[in-house]
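Visitor: Below is the structure I would like to discuss, written out as structure tokens.
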Amino acid sequence: MQLESPEPRDACALAMAELHMPSLGSDMEAGTLVVWRTHEGDRIARGDIIAEVETDKGVLEIEAYESGVIDALLVAAGTRVAVGAPLARLREPSAVLTKLEVPSVPSPLPKEEEEKVPIHPGRPIPGMEAPARSETHPPASCDGLERFPPSIRQRARETGEDPWTLLVSRLGPHAKPTPSRPRISPRARKRAEELGVDVADVRARGKVITSEDVERAAKGKFEPSVIEGVPKEMAIRDGVAERRTSGDEALDARARMRRAIAVSMERSNREIPHYWVKTTIDLHAAIIWLEHVNAARKVEQRMLMGALLFRATACALRRNPELNAVWESGTLRVLESIHLATAVSLRGGGLVAPAIQNADALDLDATMRALNDVVMRARAGRLRASELTSATCTVTSLGERGVENVTPRIMPPQVAMVGFGRVVMRPWAIGEAIVVRPVVEATLAGDHRVTDGHRGAAFLSALDALLQTPEAL
Amino acid sequence: MNESEIRKKVLSCLREIAPDVDRIDLLPSADLREELDLDSMDFLRFVQALHRELGVSVSETEYRLISTLDRCVEFLERSLEAEK
């Protein structure tokens with residue numbers, strides 16, 4: 001949309017754009033703009049935080065999806081704004097103003113980069129820390145097929161067929177690969193940005209994605225923790241549904257979060273036929289290695305076992321791609337990117353599971369930093385909308401003060417979840433001798449419509465193997 | 001730095017991680033992790049805060065020496081003395 005600006009400027013500055021309230025949930029109709037984090041006259045880059053918006057999932061930071069200069073803030077702090085309504089006007093919207101510095105903590109890749117650089121397993125992704133380990137710098141003969149099961153690898157090499165299509169075709173008629181480069185009309189792209197919909201999530205009815213496809217995707221937009229199914233006149237307080245009285249107009253934030261979790265778990269229970277597989281993993285090698293590494297480091301660079309478990313999970317998912325998928329409206333979408341969420345319990349109650357983008361591309365140090373950052377922001381209520389809407393799988397780790405094992409419940413629309421219990425000392429057989437080893441129980445919950453115990457077991461086996469060689473993580 | 005100043009610093013470091021520390025009647029001899037529901041990431045951040053505020057580095061093998069408020073203050077006092 002082109003408007004004349006009041007002062008004469010050069011041609012590229014005449015364009016104006018608007019930033020709109022994004023949809024952060026399939027049923028979200030409106031959000032309350034709590035506070036602006038930018039001012040008129042500020043130059044912002046795509047991905048910059050522009051405001052904090054309150055939703056049922058708590059307060060989320062909203063990122064700008066375009067770069068430019070804030071011409072006007074159209075809404076005052078404290079206003080409730082409908083999804084799609086304009087929040088701010090931007091002048092000089094252009095890619096020229098995109099931030100040049102590389103973020104030290106992972107953030108969602110700007111869309112321009114995602115299209116230019118196809119993500120190949122094993123190749124470092126620009127903007128992310130280069131993984132230091134040889135496992136992620138494969139020898140020159142590698143053709144990117146290592147992450148697929150042997151039968152698919154063989155077939156793909158022989159016939160030149162696309163391995164993703166082969167993988168997905170084995171999963172049934174309802175499965176579809178995520179298109180790597182969907183063709184999309186400019187109008188549809190703009191609409192996608194307005195509604196906060198990731199183009200990768202949109203299914204085209206025809207050959208090209210239209211704005212109707214985008215609108216449909218926005219309505220059915222997937223959410224890791226979904227707010228739906230609770231009739232508006234009912235309020236849920238502390239797990240007990242009660243009819244809402246006029247005094248209940250303002251549910252407090254904690255009650256709303258509890259409701260969001262309840263609804264998500266109900267949906268998980270109702271829709272997902274779960275299976276669970278477990279294994280006990282010897283962590284002796286991992287602990288010894290970690291102790292050595294940490295002893296030689298400053299306290300600021302210390303790493304936790306949780307980071308190893310998280311990283312190993314991301315790597316194991318790479319080798320078992322059917323577990324890194326989302327199921328929406330009867331269609332399975334197997335995703336190439338691994339955005340692994342970590343379940344964070346909040347002080348005073350509540351649970352969020354923000355995703356760490358492209359978790360498989362981060363080396364151990366970067367994983368530790370990312371976990372630290374996301375946990376801190378989750379507890380401070382400073383998560384970004386994209387972190388709550390992009391998870392492809394989740395890990396829950398109950399830490400050293402929790403229980404020995406956990407039987408997780410998958411967060412729809414994901415199709416798998418990994419749980420770790422407490423690290424405990426147990427008698428362990430090595431050959432015919434009994435020793436005492438630190439072990440951890442790992443459980444995989446799988447959606448039985450998508451995978452079965454065999455795949456789950458293969459995943460756990462990969463996880464175990466990865467944790468036996470911690471130096472390669 | 002005297003004992004009571006160190007104690008104040010420790011509490012302020014704890015407050016960074018567990019803002020509700022003041023509301024809890026924290027017994028100086030009680031296990032910090034139990035009382036404040038700290039997981040390993042919380043505890044590491046506490047140790048990092050102590051390093052930042054007091055310049056004392058607590059190694060992983062020494063964590064058990066700072067498990068309660070009293071033991072933590074004692075440990076820090078000793079470490080700061082030793083540095084003089």
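By order of appearance in the structure tokens: chains A, B, ..., then residues from 1 within every chain, and ligands from 1 in the order shown.
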Go through chain A and flag each residue having an atom no more than 12 Å from chain B; for those, report the closest pair of atoms plus their distance in Å to one decimal, using only C-alpha atoms, ordered by chain and rising number, as a tab-separated table.

Guide:
```
residue	atom	partner	partner_atom	distance
A:Ile287	CA	B:Glu60	CA	11.9
A:Leu290	CA	B:Glu60	CA	10.6
A:Glu291	CA	B:Glu60	CA	8.0
A:His292	CA	B:Glu60	CA	10.5
A:Val293	CA	B:Glu60	CA	11.3
A:Asn294	CA	B:Glu60	CA	8.0
A:Ala295	CA	B:Ser59	CA	7.1
A:Ala296	CA	B:Ser59	CA	10.0
A:Arg297	CA	B:Ser59	CA	9.7
A:Lys298	CA	B:Ser57	CA	8.1
A:Val299	CA	B:Gln48	CA	6.2
A:Glu300	CA	B:Gln48	CA	6.2
A:Gln301	CA	B:Gln48	CA	9.5
A:Arg302	CA	B:Leu44	CA	8.2
A:Met303	CA	B:Leu44	CA	8.9
A:Leu304	CA	B:Met41	CA	7.3
A:Met305	CA	B:Ser40	CA	8.9
A:Gly306	CA	B:Met41	CA	8.5
A:Ala307	CA	B:Met41	CA	9.9
A:Val344	CA	B:Asp39	CA	10.8
A:Ser345	CA	B:Asp39	CA	10.2
A:Leu346	CA	B:Ala18	CA	10.7
A:Arg347	CA	B:Ala18	CA	7.9
A:Gly348	CA	B:Asp20	CA	9.1
A:Gly349	CA	B:Asp37	CA	11.6
A:Met368	CA	B:Met41	CA	9.9
A:Arg369	CA	B:Met41	CA	11.1
A:Leu371	CA	B:Met41	CA	9.1
A:Asn372	CA	B:Met41	CA	7.4
A:Asp373	CA	B:Met41	CA	10.8
A:Val374	CA	B:Met41	CA	11.5
A:Val375	CA	B:Met41	CA	8.7
A:Met376	CA	B:Ile17	CA	8.9
A:Arg377	CA	B:Ile17	CA	11.8
A:Arg379	CA	B:Ile17	CA	9.4
A:Ala380	CA	B:Ile17	CA	10.2
A:Ser397	CA	B:Asp39	CA	10.5
A:Leu398	CA	B:Asp39	CA	8.7
A:Gly399	CA	B:Asp39	CA	6.4
A:Glu400	CA	B:Ser40	CA	7.1
A:Arg401	CA	B:Asp39	CA	7.0
A:Gly402	CA	B:Asp39	CA	9.1
A:Arg422	CA	B:Asp39	CA	11.2
A:Val423	CA	B:Ser40	CA	11.8
```

Visitor: I'd like to know which of A:Ala458, A:Val450, A:Ala445, A:Ile434 is closest to A:Val168, using only C-alpha atoms.

Guide: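 Ranking A:Ala458, A:Val450, A:Ala445, A:Ile434 by distance to A:Val168, first place goes to A:Val450.
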
Visitor: From the options B:Asp31, B:Glu83, B:Glu53, B:Glu5, which residue's atoms come nearest to B:Leu65, counting only C-alpha atoms?

Guide: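 Going through B:Asp31, B:Glu83, B:Glu53, B:Glu5 one by one, the smallest distance to B:Leu65 is for B:Asp31.
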
Visitor: Set the distance at 7 Å and use only C-alpha atoms: which residues neighbour A:Leu195 once local chain neighbours fewer than 6 positions away are removed? I'd like the list as a compact mmCIF listing (two decimals) with all heavy atoms, in the first residue's frame.

Guide:
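The new file selection.txt reads:
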```txt
# COMPACT_ATOMS: atom_id res chain seq x y z
N PRO A 22 -0.99 -10.16 15.50
CA PRO A 22 -0.92 -11.51 14.96
C PRO A 22 -1.83 -12.46 15.72
O PRO A 22 -2.23 -12.19 16.85
CB PRO A 22 0.54 -11.89 15.16
CG PRO A 22 0.97 -11.11 16.36
CD PRO A 22 0.16 -9.85 16.38
N SER A 23 -2.13 -13.57 15.07
CA SER A 23 -2.89 -14.62 15.75
C SER A 23 -1.91 -15.51 16.50
O SER A 23 -0.97 -16.01 15.93
CB SER A 23 -3.65 -15.45 14.71
OG SER A 23 -4.12 -16.62 15.32
N GLY A 84 -5.54 -9.17 13.58
CA GLY A 84 -5.59 -8.60 12.23
C GLY A 84 -5.73 -7.09 12.23
O GLY A 84 -5.51 -6.45 11.21
N ALA A 218 -4.70 -19.90 8.93
CA ALA A 218 -4.73 -19.07 10.14
C ALA A 218 -5.83 -19.54 11.08
O ALA A 218 -5.65 -19.59 12.28
CB ALA A 218 -4.96 -17.61 9.76
```

Visitor: If we count only C-alpha atoms and set the cut-off at 8 Å, which residues sit around A:Ala325, ignoring sequence neighbours fewer than 4 positions away in its own chain? Please answer as a PyMOL selection string.

Guide: chain A and resi 321+332-335+392-393+414-415

Visitor: What lies within 6 Å of stretch 31-41 of chain A using only C-alpha atoms, ignoring chain neighbours under 5 positions off, as a list in words?

Guide: Ile50, Ala51, Glu52, Val53, Glu54, Thr55, Val69, Ile70, Asp71, Ala72, Ala77, Gly78, Thr79, Arg80 and Val81 of chain A

Visitor: Selection from above, all heavy atoms, as a tab-separated table (two decimals), in the first residue's frame, can you write it?

Guide:
```
chain	number	residue	atom	x	y	z
A	50	ILE	N	8.43	-5.60	19.34
A	50	ILE	CA	7.82	-4.27	19.27
A	50	ILE	C	6.83	-4.02	20.40
A	50	ILE	O	6.56	-2.88	20.76
A	50	ILE	CB	7.12	-4.02	17.92
A	50	ILE	CG1	6.12	-5.15	17.61
A	50	ILE	CG2	8.13	-3.86	16.80
A	50	ILE	CD1	5.16	-4.81	16.49
A	51	ALA	N	6.29	-5.11	20.98
A	51	ALA	CA	5.29	-4.89	22.02
A	51	ALA	C	5.12	-6.15	22.84
A	51	ALA	O	5.56	-7.22	22.44
A	51	ALA	CB	3.95	-4.50	21.39
A	52	GLU	N	4.47	-6.00	23.98
A	52	GLU	CA	4.07	-7.15	24.78
A	52	GLU	C	2.55	-7.23	24.75
A	52	GLU	O	1.87	-6.23	24.98
A	52	GLU	CB	4.56	-7.00	26.22
A	52	GLU	CG	6.08	-7.12	26.33
A	52	GLU	CD	6.59	-6.81	27.72
A	52	GLU	OE1	5.82	-6.99	28.68
A	52	GLU	OE2	7.75	-6.38	27.82
A	53	VAL	N	2.06	-8.43	24.46
A	53	VAL	CA	0.61	-8.61	24.32
A	53	VAL	C	0.16	-9.68	25.30
A	53	VAL	O	0.81	-10.72	25.44
A	53	VAL	CB	0.26	-9.05	22.87
A	53	VAL	CG1	-1.17	-9.55	22.77
A	53	VAL	CG2	0.47	-7.88	21.92
A	54	GLU	N	-0.94	-9.42	25.98
A	54	GLU	CA	-1.44	-10.41	26.92
A	54	GLU	C	-2.48	-11.29	26.23
A	54	GLU	O	-3.41	-10.81	25.60
A	54	GLU	CB	-2.09	-9.72	28.11
A	54	GLU	CG	-2.62	-10.76	29.11
A	54	GLU	CD	-2.77	-10.20	30.49
A	54	GLU	OE1	-3.09	-9.01	30.57
A	54	GLU	OE2	-2.57	-10.95	31.45
A	55	THR	N	-2.26	-12.61	26.40
A	55	THR	CA	-3.19	-13.59	25.86
A	55	THR	C	-3.47	-14.59	26.97
A	55	THR	O	-2.92	-14.46	28.06
A	55	THR	CB	-2.57	-14.34	24.67
A	55	THR	OG1	-1.48	-15.15	25.18
A	55	THR	CG2	-2.02	-13.39	23.62
A	69	VAL	N	10.75	2.12	9.75
A	69	VAL	CA	10.77	3.14	10.79
A	69	VAL	C	9.34	3.31	11.30
A	69	VAL	O	8.41	3.45	10.51
A	69	VAL	CB	11.30	4.49	10.24
A	69	VAL	CG1	11.24	5.57	11.31
A	69	VAL	CG2	12.72	4.32	9.71
A	70	ILE	N	9.18	3.28	12.59
A	70	ILE	CA	7.84	3.43	13.17
A	70	ILE	C	7.33	4.83	12.87
A	70	ILE	O	7.90	5.83	13.31
A	70	ILE	CB	7.84	3.19	14.69
A	70	ILE	CG1	8.40	1.82	15.03
A	70	ILE	CG2	6.45	3.41	15.26
A	70	ILE	CD1	7.41	0.68	14.95
A	71	ASP	N	6.26	4.89	12.09
A	71	ASP	CA	5.70	6.19	11.74
A	71	ASP	C	4.70	6.63	12.79
A	71	ASP	O	4.62	7.79	13.16
A	71	ASP	CB	5.03	6.08	10.36
A	71	ASP	CG	4.66	7.43	9.81
A	71	ASP	OD1	5.58	8.22	9.54
A	71	ASP	OD2	3.46	7.70	9.68
A	72	ALA	N	3.90	5.66	13.27
A	72	ALA	CA	2.91	5.99	14.29
A	72	ALA	C	2.51	4.72	15.03
A	72	ALA	O	2.40	3.66	14.42
A	72	ALA	CB	1.67	6.61	13.64
A	77	ALA	N	-1.36	1.71	24.96
A	77	ALA	CA	-1.11	0.59	25.87
A	77	ALA	C	-2.36	0.35	26.70
A	77	ALA	O	-3.03	1.29	27.13
A	77	ALA	CB	0.07	0.90	26.78
A	78	GLY	N	-2.69	-0.90	26.89
A	78	GLY	CA	-3.87	-1.23	27.67
A	78	GLY	C	-5.09	-1.51	26.81
A	78	GLY	O	-6.12	-1.95	27.30
A	79	THR	N	-4.96	-1.30	25.50
A	79	THR	CA	-6.12	-1.51	24.63
A	79	THR	C	-6.24	-2.96	24.21
A	79	THR	O	-5.24	-3.62	23.93
A	79	THR	CB	-5.96	-0.67	23.34
A	79	THR	OG1	-5.55	0.64	23.70
A	79	THR	CG2	-7.26	-0.61	22.54
A	80	ARG	N	-7.44	-3.46	24.13
A	80	ARG	CA	-7.69	-4.79	23.62
A	80	ARG	C	-7.88	-4.67	22.10
A	80	ARG	O	-8.69	-3.87	21.63
A	80	ARG	CB	-8.97	-5.36	24.25
A	80	ARG	CG	-9.11	-6.85	24.04
A	80	ARG	CD	-9.95	-7.48	25.15
A	80	ARG	NE	-10.28	-8.86	24.85
A	80	ARG	CZ	-9.44	-9.89	24.96
A	80	ARG	NH1	-8.21	-9.68	25.37
A	80	ARG	NH2	-9.83	-11.11	24.66
A	81	VAL	N	-7.08	-5.45	21.36
A	81	VAL	CA	-7.04	-5.31	19.90
A	81	VAL	C	-7.40	-6.64	19.25
A	81	VAL	O	-6.91	-7.69	19.65
A	81	VAL	CB	-5.61	-4.91	19.46
A	81	VAL	CG1	-5.54	-4.72	17.95
A	81	VAL	CG2	-5.17	-3.65	20.18
```

Visitor: Please provide as a ChimeraX atom specification all residues within 7 Å of B:Cys13, with the sequence filter that same-chain residues fewer than 3 positions apart are discarded (counting only C-alpha atoms).

Guide: /B:9-10,16,46,49-50

Visitor: Now that the selection is made, can you save its residues with N, CA and C atoms as a PDB file, in the first residue's frame?

Guide:
```pdb
ATOM      1  N   LYS B   9      24.295 -10.315  50.634  1.00  0.00           N
ATOM      2  CA  LYS B   9      24.632 -10.582  49.231  1.00  0.00           C
ATOM      3  C   LYS B   9      24.070 -11.913  48.782  1.00  0.00           C
ATOM      4  N   VAL B  10      24.213 -12.921  49.657  1.00  0.00           N
ATOM      5  CA  VAL B  10      23.727 -14.262  49.293  1.00  0.00           C
ATOM      6  C   VAL B  10      22.222 -14.208  49.073  1.00  0.00           C
ATOM      7  N   GLU B  16      17.370 -13.137  42.989  1.00  0.00           N
ATOM      8  CA  GLU B  16      17.403 -13.074  41.521  1.00  0.00           C
ATOM      9  C   GLU B  16      16.737 -14.297  40.906  1.00  0.00           C
ATOM     10  N   PHE B  46      22.521 -19.398  40.530  1.00  0.00           N
ATOM     11  CA  PHE B  46      22.842 -18.861  41.859  1.00  0.00           C
ATOM     12  C   PHE B  46      24.361 -18.815  42.032  1.00  0.00           C
ATOM     13  N   ALA B  49      25.759 -16.110  40.041  1.00  0.00           N
ATOM     14  CA  ALA B  49      25.491 -14.805  40.661  1.00  0.00           C
ATOM     15  C   ALA B  49      26.488 -14.544  41.790  1.00  0.00           C
ATOM     16  N   LEU B  50      26.795 -15.579  42.593  1.00  0.00           N
ATOM     17  CA  LEU B  50      27.762 -15.422  43.676  1.00  0.00           C
ATOM     18  C   LEU B  50      29.128 -15.029  43.111  1.00  0.00           C
TER      19      LEU B  50
END
```

Visitor: One number please: atom CA of A:Pro427 to atom CA of A:Leu364, in Å, one decimal.

Guide: 29.1 Å

Visitor: Residues at most 9 Å from A:Arg426, counting only C-alpha atoms, excluding those fewer than 4 positions away in the same chain, as number ranges by chain?

Guide: A: 435-439

Visitor: Store the residues of this selection in a file with N, CA, C and O atoms, as an mmCIF file, in the first residue's frame.

Guide:
```
data_model
loop_
_atom_site.group_PDB
_atom_site.id
_atom_site.type_symbol
_atom_site.label_atom_id
_atom_site.label_comp_id
_atom_site.auth_asym_id
_atom_site.auth_seq_id
_atom_site.Cartn_x
_atom_site.Cartn_y
_atom_site.Cartn_z
ATOM 1 N N VAL A 435 28.181 -53.430 38.845
ATOM 2 C CA VAL A 435 28.790 -52.179 39.293
ATOM 3 C C VAL A 435 27.649 -51.241 39.642
ATOM 4 O O VAL A 435 26.482 -51.572 39.443
ATOM 5 N N VAL A 436 27.991 -50.073 40.162
ATOM 6 C CA VAL A 436 26.962 -49.066 40.412
ATOM 7 C C VAL A 436 27.177 -47.946 39.406
ATOM 8 O O VAL A 436 28.287 -47.441 39.253
ATOM 9 N N ARG A 437 26.113 -47.589 38.715
ATOM 10 C CA ARG A 437 26.221 -46.575 37.667
ATOM 11 C C ARG A 437 25.144 -45.521 37.843
ATOM 12 O O ARG A 437 24.040 -45.817 38.329
ATOM 13 N N PRO A 438 25.447 -44.291 37.412
ATOM 14 C CA PRO A 438 24.380 -43.279 37.365
ATOM 15 C C PRO A 438 23.558 -43.534 36.105
ATOM 16 O O PRO A 438 24.121 -43.615 35.010
ATOM 17 N N VAL A 439 22.262 -43.683 36.271
ATOM 18 C CA VAL A 439 21.414 -43.980 35.117
ATOM 19 C C VAL A 439 20.223 -43.036 35.102
ATOM 20 O O VAL A 439 19.869 -42.429 36.109
#
```
